[in-house]
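Coordinates from query34.csv are shown below (CSV, C-alpha atoms and all ligand atoms).
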```csv
chain,number,residue,atom,x,y,z
A,17,MET,CA,128.3,84.8,110.3
A,18,SER,CA,124.8,85.3,108.9
A,19,LYS,CA,123.5,88.9,108.6
A,20,ILE,CA,119.9,87.6,108.7
A,21,LEU,CA,117.9,88.2,111.9
A,22,VAL,CA,115.1,85.8,112.8
A,23,ALA,CA,112.9,87.4,115.4
A,24,ALA,CA,110.1,85.6,117.4
A,25,ASN,CA,107.0,87.6,118.4
A,26,TRP,CA,105.2,85.4,120.8
A,27,LYS,CA,102.4,87.9,121.1
A,28,MET,CA,100.1,87.1,124.1
A,29,ASN,CA,101.0,83.4,124.2
A,30,GLY,CA,103.1,81.3,126.6
A,31,SER,CA,103.3,80.2,130.2
A,32,LYS,CA,106.2,79.5,132.6
A,33,SER,CA,106.2,75.8,131.5
A,34,PHE,CA,106.1,76.7,127.8
A,35,VAL,CA,109.0,79.1,128.3
A,36,SER,CA,111.1,76.5,130.1
A,37,ASP,CA,110.5,73.8,127.4
A,38,PHE,CA,111.2,76.4,124.6
A,39,ILE,CA,114.5,77.6,126.3
A,40,ARG,CA,115.7,74.1,126.9
A,41,GLU,CA,115.3,73.1,123.2
A,42,ILE,CA,116.8,76.4,121.9
A,43,ALA,CA,119.7,76.7,124.4
A,44,SER,CA,120.8,73.1,123.7
A,45,ASN,CA,120.7,73.3,119.9
A,46,TYR,CA,121.4,76.9,118.9
A,47,ASN,CA,124.9,78.1,117.8
A,48,GLN,CA,125.7,81.1,115.7
A,49,GLU,CA,127.8,79.2,113.2
A,50,HIS,CA,124.9,77.2,111.8
A,51,TYR,CA,121.9,79.4,112.5
A,52,HIS,CA,120.9,82.9,111.7
A,53,LYS,CA,120.9,85.5,114.5
A,54,LEU,CA,118.0,85.0,116.9
A,55,LEU,CA,115.8,87.5,118.8
A,56,ILE,CA,113.0,86.5,121.1
A,57,CYS,CA,110.2,88.9,122.1
A,58,PRO,CA,108.2,87.2,124.9
A,59,PRO,CA,105.3,88.8,126.8
A,60,PHE,CA,106.6,91.1,129.7
A,61,PRO,CA,106.1,88.6,132.5
A,62,TYR,CA,108.4,86.1,130.9
A,63,LEU,CA,111.3,88.5,129.9
A,64,ASP,CA,113.3,87.6,133.0
A,65,GLN,CA,112.8,83.9,132.6
A,66,VAL,CA,113.8,84.0,128.9
A,67,SER,CA,116.8,86.2,129.6
A,68,LYS,CA,118.1,84.0,132.4
A,69,GLY,CA,117.5,80.9,130.4
A,70,LEU,CA,119.4,82.2,127.4
A,71,SER,CA,122.1,84.0,129.2
A,72,LYS,CA,124.8,81.6,128.0
A,73,THR,CA,123.8,82.0,124.4
A,74,ASP,CA,124.1,84.9,121.8
A,75,ILE,CA,120.4,85.1,121.5
A,76,GLN,CA,118.9,88.6,122.0
A,77,ILE,CA,115.8,89.5,123.9
A,78,GLY,CA,113.2,92.0,123.0
A,79,ALA,CA,109.9,93.3,124.3
A,80,GLN,CA,106.6,93.7,122.4
A,81,ASP,CA,105.9,97.2,123.6
A,82,ILE,CA,107.3,100.2,125.5
A,83,ALA,CA,105.8,103.2,127.3
A,84,GLN,CA,106.3,106.5,125.7
A,85,PHE,CA,106.9,107.9,129.2
A,86,GLU,CA,110.1,107.7,131.3
A,87,ASN,CA,108.5,106.7,134.6
A,88,GLY,CA,105.8,107.7,137.1
A,89,ALA,CA,102.1,107.4,137.4
A,90,TYR,CA,101.2,105.5,134.3
A,91,THR,CA,99.4,102.4,135.5
A,92,GLY,CA,100.0,99.3,133.5
A,93,GLU,CA,102.9,100.7,131.5
A,94,VAL,CA,106.4,99.3,131.2
A,95,SER,CA,109.3,101.8,130.8
A,96,ALA,CA,112.4,101.6,128.7
A,97,GLU,CA,114.6,101.3,131.8
A,98,MET,CA,112.6,98.4,133.0
A,99,LEU,CA,113.2,96.7,129.7
A,100,SER,CA,116.9,97.3,129.8
A,101,ASP,CA,116.9,96.0,133.4
A,102,ASN,CA,115.5,92.8,132.0
A,103,ASP,CA,118.3,92.5,129.4
A,104,CYS,CA,116.1,93.7,126.5
A,105,LYS,CA,118.1,95.3,123.6
A,106,TYR,CA,115.1,95.5,121.2
A,107,VAL,CA,111.5,96.5,121.3
A,108,LEU,CA,108.6,96.2,118.8
A,109,VAL,CA,106.9,99.5,118.1
A,110,GLY,CA,103.6,100.0,116.2
A,111,HIS,CA,102.7,96.4,115.6
A,112,SER,CA,99.5,96.3,113.5
A,113,GLU,CA,97.7,94.5,116.3
A,114,ARG,CA,98.4,97.5,118.6
A,115,ARG,CA,97.4,99.9,115.8
A,116,THR,CA,94.1,98.2,114.9
A,117,ILE,CA,92.9,96.5,118.1
A,118,LEU,CA,94.3,98.8,120.7
A,119,GLY,CA,93.9,102.0,118.7
A,120,GLU,CA,97.6,103.1,118.8
A,121,LYS,CA,98.1,106.1,116.6
A,122,ASP,CA,101.1,107.3,114.7
A,123,HIS,CA,101.9,110.1,117.2
A,124,ILE,CA,102.1,107.6,120.1
A,125,ILE,CA,104.1,105.2,118.0
A,126,SER,CA,106.5,108.0,117.2
A,127,GLU,CA,106.9,108.9,120.9
A,128,LYS,CA,107.6,105.2,121.7
A,129,PHE,CA,110.1,104.9,118.9
A,130,ASN,CA,111.8,108.1,120.1
A,131,MET,CA,111.9,106.8,123.7
A,132,ALA,CA,113.5,103.5,122.6
A,133,ILE,CA,116.2,105.4,120.7
A,134,LYS,CA,116.8,107.8,123.6
A,135,LYS,CA,117.2,104.9,126.0
A,136,ASN,CA,119.5,102.9,123.7
A,137,LEU,CA,117.0,100.2,122.8
A,138,VAL,CA,116.7,99.3,119.1
A,139,PRO,CA,113.1,99.9,118.1
A,140,ILE,CA,111.6,97.5,115.5
A,141,LEU,CA,109.0,99.7,113.7
A,142,CYS,CA,106.2,97.5,112.2
A,143,ILE,CA,104.5,98.8,109.1
A,144,GLY,CA,102.2,97.4,106.5
A,145,GLU,CA,99.1,97.8,104.5
A,146,THR,CA,95.6,96.2,104.8
A,147,HIS,CA,94.2,93.9,102.1
A,148,ASP,CA,91.9,96.7,100.9
A,149,GLN,CA,94.8,99.1,100.6
A,150,LYS,CA,96.8,96.5,98.6
A,151,GLU,CA,93.9,96.0,96.3
A,152,LYS,CA,93.7,99.7,95.7
A,153,SER,CA,97.5,99.8,94.9
A,154,LEU,CA,98.1,102.0,98.0
A,155,THR,CA,100.9,99.9,99.5
A,156,GLU,CA,103.7,102.4,98.8
A,157,GLU,CA,101.6,105.4,99.9
A,158,ILE,CA,100.8,103.7,103.2
A,159,ILE,CA,104.4,102.6,103.8
A,160,ASP,CA,105.7,106.0,103.0
A,161,SER,CA,103.2,107.7,105.4
A,162,GLN,CA,103.9,105.3,108.2
A,163,ILE,CA,107.6,105.8,108.0
A,164,THR,CA,107.3,109.6,107.5
A,165,ALA,CA,105.0,109.9,110.5
A,166,ILE,CA,107.7,108.5,112.7
A,167,ALA,CA,110.7,110.1,111.1
A,168,ASP,CA,109.2,113.6,111.1
A,169,GLY,CA,109.1,113.8,114.9
A,170,ILE,CA,112.7,112.6,115.4
A,171,ASP,CA,116.2,113.7,114.4
A,172,LEU,CA,117.4,110.6,112.6
A,173,ASP,CA,120.8,110.5,111.1
A,174,LYS,CA,123.3,108.0,109.7
A,175,HIS,CA,124.1,106.8,113.2
A,176,SER,CA,120.5,106.0,114.2
A,177,LYS,CA,119.9,102.4,115.0
A,178,PHE,CA,116.5,100.9,114.3
A,179,ILE,CA,114.9,98.1,112.4
A,180,ILE,CA,111.8,98.1,110.1
A,181,ALA,CA,109.5,95.1,109.9
A,182,TYR,CA,107.3,95.1,106.8
A,183,GLU,CA,104.2,93.1,107.9
A,184,PRO,CA,101.4,93.3,105.4
A,185,ILE,CA,98.3,93.0,107.6
A,186,TRP,CA,96.5,90.6,105.2
A,187,ALA,CA,99.5,88.2,105.6
A,188,ILE,CA,99.6,88.1,109.4
A,189,GLY,CA,98.2,84.9,110.8
A,190,SER,CA,96.4,84.2,107.5
A,191,GLY,CA,98.8,81.5,106.1
A,192,LEU,CA,99.1,83.7,103.0
A,193,SER,CA,102.6,85.1,103.0
A,194,ALA,CA,103.6,87.8,100.4
A,195,THR,CA,105.6,86.2,97.6
A,196,PRO,CA,109.4,86.8,98.0
A,197,GLU,CA,109.3,88.9,94.9
A,198,ASP,CA,106.4,91.1,96.1
A,199,ALA,CA,108.0,91.5,99.5
A,200,GLN,CA,111.3,92.3,97.9
A,201,ASP,CA,109.7,95.2,95.9
A,202,VAL,CA,108.2,96.7,99.1
A,203,HIS,CA,111.5,96.3,101.0
A,204,GLU,CA,113.4,98.0,98.1
A,205,PHE,CA,110.9,100.8,98.4
A,206,ILE,CA,111.4,101.1,102.1
A,207,ARG,CA,115.1,101.4,101.6
A,208,TYR,CA,114.5,104.1,99.1
A,209,ILE,CA,112.4,106.1,101.6
A,210,ILE,CA,115.2,105.7,104.3
A,211,LYS,CA,117.7,106.9,101.7
A,212,LYS,CA,116.0,110.3,101.8
A,213,ILE,CA,117.3,110.6,105.4
A,214,SER,CA,120.7,109.2,104.8
A,215,LYS,CA,122.4,106.8,102.3
A,216,GLU,CA,124.4,105.2,105.0
A,217,LEU,CA,121.3,104.7,107.1
A,218,ALA,CA,119.5,103.0,104.2
A,219,GLU,CA,122.4,100.6,103.9
A,220,SER,CA,122.8,99.8,107.6
A,221,THR,CA,119.1,99.5,108.5
A,222,GLN,CA,117.8,95.9,108.6
A,223,ILE,CA,114.4,95.4,107.0
A,224,LEU,CA,112.6,92.3,108.2
A,225,TYR,CA,109.6,90.6,106.6
A,226,GLY,CA,106.7,89.4,108.7
A,227,GLY,CA,103.4,87.7,107.9
A,228,SER,CA,102.9,83.9,107.7
A,229,VAL,CA,106.6,83.1,107.6
A,230,ASN,CA,107.1,79.4,108.0
A,231,ILE,CA,109.6,76.6,107.3
A,232,ASN,CA,108.5,76.3,103.7
A,233,ASN,CA,108.9,79.9,102.7
A,234,ALA,CA,111.6,81.4,105.0
A,235,LYS,CA,114.7,80.4,102.9
A,236,LYS,CA,113.4,82.0,99.7
A,237,LEU,CA,112.2,85.1,101.5
A,238,PHE,CA,115.6,85.5,103.3
A,239,SER,CA,117.5,85.1,100.0
A,240,MET,CA,116.0,88.3,98.5
A,241,PRO,CA,118.5,91.2,98.4
A,242,ASP,CA,116.5,93.6,100.6
A,243,ILE,CA,115.0,91.1,103.1
A,244,ASP,CA,117.3,91.0,106.1
A,245,GLY,CA,115.3,88.5,108.1
A,246,GLY,CA,111.9,87.8,109.5
A,247,LEU,CA,109.5,88.7,112.3
A,248,ILE,CA,107.7,85.5,113.1
A,249,GLY,CA,104.4,85.1,115.0
A,250,GLY,CA,102.6,81.7,115.0
A,251,ALA,CA,105.5,79.7,113.7
A,252,SER,CA,107.8,81.0,116.5
A,253,LEU,CA,105.8,79.2,119.1
A,254,ASP,CA,107.1,75.8,118.1
A,255,SER,CA,110.8,75.7,119.2
A,256,SER,CA,112.0,73.0,116.8
A,257,GLY,CA,110.1,74.6,113.9
A,258,PHE,CA,111.5,78.0,114.9
A,259,LEU,CA,115.0,76.6,114.9
A,260,ALA,CA,114.4,75.1,111.5
A,261,ILE,CA,113.4,78.5,110.1
A,262,ALA,CA,116.6,79.9,111.7
A,263,LYS,CA,118.9,77.3,110.2
A,264,GLN,CA,121.2,78.7,107.5
B,1,LIG,P1,102.4,85.4,111.8
B,1,LIG,O1,103.8,84.9,111.6
B,1,LIG,O2,101.6,84.5,112.8
B,1,LIG,O3,101.7,85.6,110.6
B,1,LIG,O4,102.5,86.8,112.6
B,1,LIG,C1,103.4,87.7,112.1
B,1,LIG,C2,103.5,88.8,113.1
B,1,LIG,O5,102.5,89.6,113.3
B,1,LIG,C3,104.8,89.0,113.7
B,1,LIG,O6,104.9,90.2,114.4
```

Go ahead and render the structure in this file as structure tokens.
Amino acid sequence: MSKILVAANWKMNGSKSFVSDFIREIASNYNQEHYHKLLICPPFPYLDQVSKGLSKTDIQIGAQDIAQFENGAYTGEVSAEMLSDNDCKYVLVGHSERRTILGEKDHIISEKFNMAIKKNLVPILCIGETHDQKEKSLTEEIIDSQITAIADGIDLDKHSKFIIAYEPIWAIGSGLSATPEDAQDVHEFIRYIIKKISKELAESTQILYGGSVNINNAKKLFSMPDIDGGLIGGASLDSSGFLAIAKQ
């Protein structure tokens, strides 16, 4: 069985009819023998529809965000328990769109990450540098600070279960993916940072690449030793294209 995880981040896209077409195509063609593992992260209102539609498959469901609070008077927020109630096992945390457009800061991301772990959800921590930071050769410094900001507030050990998604901001939605070799270098660096917490954790933690992954570049990216799969935006909205990316 493949170790590679192919995750769809639909962002703020979709409708009931889109979801029902997507599910029909995926549910009738997907099997774990011939495809990588799949995870779908729809917008909150479609979690239930996706979860019911895929209940007879091995496909996992994730959310795109989580409240840092348990429950109570937090208008508009969605709690970890509500996500679990809708069969979510995973949740994206700290996506660059939330950091840059919605102003989410490291301390909030750290609280969300912590809440996910506490409630037995697997957080997928998204990190990555801007184009400007890459040009100034600051990629490793940025990655290090983004991971450290989260790890510092939490007792992580070899049993902690989370995923890291390296998503260079300049590659997201631009059609310009990192080369497999450049992405591999950053993934190797990420593993090196995690090794400072625990060697076992560095070996068990999946590190996904995101940023303009498509049918043409996925296979090469997924063949790199430290790339354990992909987090896919635009190309995940086309069910047959998404399945083609997920084909082993
Ligand atoms: P694209 O695949 O559209 O570049 O988006 C990547 C992403 O942001 C996934 O979280």

Set the distance at 9 Å and use all atoms listed in the file: which residues neighbour range 211-218 of chain A once local chain neighbours fewer than 6 positions away are removed? I'd like the list as a PDB file with C-alpha atoms, in the frame of the given file.
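Written output follows (part_35.pdb):
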```
ATOM      1  CA  ALA A 167     110.700 110.100 111.100  1.00  0.00           C
ATOM      2  CA  LEU A 172     117.400 110.600 112.600  1.00  0.00           C
ATOM      3  CA  ASP A 173     120.800 110.500 111.100  1.00  0.00           C
ATOM      4  CA  LYS A 174     123.300 108.000 109.700  1.00  0.00           C
ATOM      5  CA  HIS A 175     124.100 106.800 113.200  1.00  0.00           C
ATOM      6  CA  SER A 176     120.500 106.000 114.200  1.00  0.00           C
ATOM      7  CA  LYS A 177     119.900 102.400 115.000  1.00  0.00           C
TER       8      LYS A 177
END
```

(Q) Neighbouring residues of ligand LIG 1 (chain B) are defined here as those with any atom at most 10 Å from a ligand atom, counting all atoms listed in the file; list them as a ChimeraX atom specification. (A) /A:23-27,57,80,108,111-113,140,142,181-193,225-230,246-253

Next, dump the selected residues to file, keeping only C-alpha atoms, as a PDB file, keeping the file's coordinate frame.
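As a result, selection05.pdb now contains:
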```
ATOM      1  CA  ALA A  23     112.900  87.400 115.400  1.00  0.00           C
ATOM      2  CA  ALA A  24     110.100  85.600 117.400  1.00  0.00           C
ATOM      3  CA  ASN A  25     107.000  87.600 118.400  1.00  0.00           C
ATOM      4  CA  TRP A  26     105.200  85.400 120.800  1.00  0.00           C
ATOM      5  CA  LYS A  27     102.400  87.900 121.100  1.00  0.00           C
ATOM      6  CA  CYS A  57     110.200  88.900 122.100  1.00  0.00           C
ATOM      7  CA  GLN A  80     106.600  93.700 122.400  1.00  0.00           C
ATOM      8  CA  LEU A 108     108.600  96.200 118.800  1.00  0.00           C
ATOM      9  CA  HIS A 111     102.700  96.400 115.600  1.00  0.00           C
ATOM     10  CA  SER A 112      99.500  96.300 113.500  1.00  0.00           C
ATOM     11  CA  GLU A 113      97.700  94.500 116.300  1.00  0.00           C
ATOM     12  CA  ILE A 140     111.600  97.500 115.500  1.00  0.00           C
ATOM     13  CA  CYS A 142     106.200  97.500 112.200  1.00  0.00           C
ATOM     14  CA  ALA A 181     109.500  95.100 109.900  1.00  0.00           C
ATOM     15  CA  TYR A 182     107.300  95.100 106.800  1.00  0.00           C
ATOM     16  CA  GLU A 183     104.200  93.100 107.900  1.00  0.00           C
ATOM     17  CA  PRO A 184     101.400  93.300 105.400  1.00  0.00           C
ATOM     18  CA  ILE A 185      98.300  93.000 107.600  1.00  0.00           C
ATOM     19  CA  TRP A 186      96.500  90.600 105.200  1.00  0.00           C
ATOM     20  CA  ALA A 187      99.500  88.200 105.600  1.00  0.00           C
ATOM     21  CA  ILE A 188      99.600  88.100 109.400  1.00  0.00           C
ATOM     22  CA  GLY A 189      98.200  84.900 110.800  1.00  0.00           C
ATOM     23  CA  SER A 190      96.400  84.200 107.500  1.00  0.00           C
ATOM     24  CA  GLY A 191      98.800  81.500 106.100  1.00  0.00           C
ATOM     25  CA  LEU A 192      99.100  83.700 103.000  1.00  0.00           C
ATOM     26  CA  SER A 193     102.600  85.100 103.000  1.00  0.00           C
ATOM     27  CA  TYR A 225     109.600  90.600 106.600  1.00  0.00           C
ATOM     28  CA  GLY A 226     106.700  89.400 108.700  1.00  0.00           C
ATOM     29  CA  GLY A 227     103.400  87.700 107.900  1.00  0.00           C
ATOM     30  CA  SER A 228     102.900  83.900 107.700  1.00  0.00           C
ATOM     31  CA  VAL A 229     106.600  83.100 107.600  1.00  0.00           C
ATOM     32  CA  ASN A 230     107.100  79.400 108.000  1.00  0.00           C
ATOM     33  CA  GLY A 246     111.900  87.800 109.500  1.00  0.00           C
ATOM     34  CA  LEU A 247     109.500  88.700 112.300  1.00  0.00           C
ATOM     35  CA  ILE A 248     107.700  85.500 113.100  1.00  0.00           C
ATOM     36  CA  GLY A 249     104.400  85.100 115.000  1.00  0.00           C
ATOM     37  CA  GLY A 250     102.600  81.700 115.000  1.00  0.00           C
ATOM     38  CA  ALA A 251     105.500  79.700 113.700  1.00  0.00           C
ATOM     39  CA  SER A 252     107.800  81.000 116.500  1.00  0.00           C
ATOM     40  CA  LEU A 253     105.800  79.200 119.100  1.00  0.00           C
TER      41      LEU A 253
END
```

Select all residues near (117.6, 80.9, 110.0) (cut-off 6 Å, inclusive, file coordinates), counting only C-alpha atoms, and output them as a list in words.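 Counting only C-alpha atoms, I find these residues within 6 Å of (117.6, 80.9, 110.0): Tyr51, His52, Ile261, Ala262, Lys263 and Gln264 of chain A.
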
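Between CA of Pro241 in chain A and CA of Tyr208 in chain A the separation is 13.5 Å.
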
task: Considering all atoms listed in the file, state which residue in the set A:Glu127, A:Glu204, A:Glu49, A:Glu86 is at the smallest distance from Pro139 in chain A.
output: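 For Pro139 in chain A, the nearest of the candidates is A:Glu127.
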
Counting only C-alpha atoms, the residue among A:Ile210, A:Leu154, A:Ile231, A:Ala260 that lies closest to His50 in chain A is A:Ala260

Task: Given only C-alpha atoms as the counted atoms, nearest of A:Ala165, A:Leu55, A:Val94, A:Ile206 to Val138 in chain A - done: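 Closest to Val138 in chain A, using only C-alpha atoms: A:Leu55.
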
Next on the checklist: So, with only C-alpha atoms as the atoms that count, which of A:Leu54, A:Met28, A:Leu137, A:Val35 lies closest to Gly69 in chain A?
Outcome noted: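 Checking each of A:Leu54, A:Met28, A:Leu137, A:Val35 against Gly69 in chain A, counting only C-alpha atoms, the winner is A:Val35.
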
Across A:Val66, A:Leu237, A:Thr221, A:Ile56, the smallest distance to Asp37 in chain A, with all atoms listed in the file counted, is shown by A:Val66

Expressed in Å, the length from CA of Lys53 in chain A to CA of Leu21 in chain A is 4.8 Å

I need the residue nearest Ile243 in chain A from this list: A:Ile20, A:Ile77, A:Ile159, A:Leu118. Use only C-alpha atoms for the distance.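 Among the listed residues, the smallest separation from Ile243 in chain A belongs to A:Ile20.
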
Spatial sel., origin (102.5, 102.8, 104.1), limit 10 Å, all atoms listed in the file, listed as a PDB file with C-alpha atoms, in the coordinates of the input:
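What landed in part.pdb:
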```pdb
ATOM      1  CA  ILE A 143     104.500  98.800 109.100  1.00  0.00           C
ATOM      2  CA  GLY A 144     102.200  97.400 106.500  1.00  0.00           C
ATOM      3  CA  GLU A 145      99.100  97.800 104.500  1.00  0.00           C
ATOM      4  CA  THR A 146      95.600  96.200 104.800  1.00  0.00           C
ATOM      5  CA  GLN A 149      94.800  99.100 100.600  1.00  0.00           C
ATOM      6  CA  LEU A 154      98.100 102.000  98.000  1.00  0.00           C
ATOM      7  CA  THR A 155     100.900  99.900  99.500  1.00  0.00           C
ATOM      8  CA  GLU A 156     103.700 102.400  98.800  1.00  0.00           C
ATOM      9  CA  GLU A 157     101.600 105.400  99.900  1.00  0.00           C
ATOM     10  CA  ILE A 158     100.800 103.700 103.200  1.00  0.00           C
ATOM     11  CA  ILE A 159     104.400 102.600 103.800  1.00  0.00           C
ATOM     12  CA  ASP A 160     105.700 106.000 103.000  1.00  0.00           C
ATOM     13  CA  SER A 161     103.200 107.700 105.400  1.00  0.00           C
ATOM     14  CA  GLN A 162     103.900 105.300 108.200  1.00  0.00           C
ATOM     15  CA  ILE A 163     107.600 105.800 108.000  1.00  0.00           C
ATOM     16  CA  THR A 164     107.300 109.600 107.500  1.00  0.00           C
ATOM     17  CA  ALA A 165     105.000 109.900 110.500  1.00  0.00           C
ATOM     18  CA  TYR A 182     107.300  95.100 106.800  1.00  0.00           C
ATOM     19  CA  PRO A 184     101.400  93.300 105.400  1.00  0.00           C
ATOM     20  CA  VAL A 202     108.200  96.700  99.100  1.00  0.00           C
ATOM     21  CA  ILE A 206     111.400 101.100 102.100  1.00  0.00           C
TER      22      ILE A 206
END
```

Problem set entry | One-decimal distance in Å that lies between CA of Pro59 in chain A and CA of Ile133 in chain A |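 Result for CA of Ile133 in chain A versus CA of Pro59 in chain A: 20.8 Å, one decimal.
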
- Residues within 12 Å of Ile124 in chain A, only C-alpha atoms, excluding chain neighbours under 4 positions, as a VMD selection string: chain A and resid 81 to 85 109 to 110 114 to 115 118 to 120 128 to 131 165 to 166 169
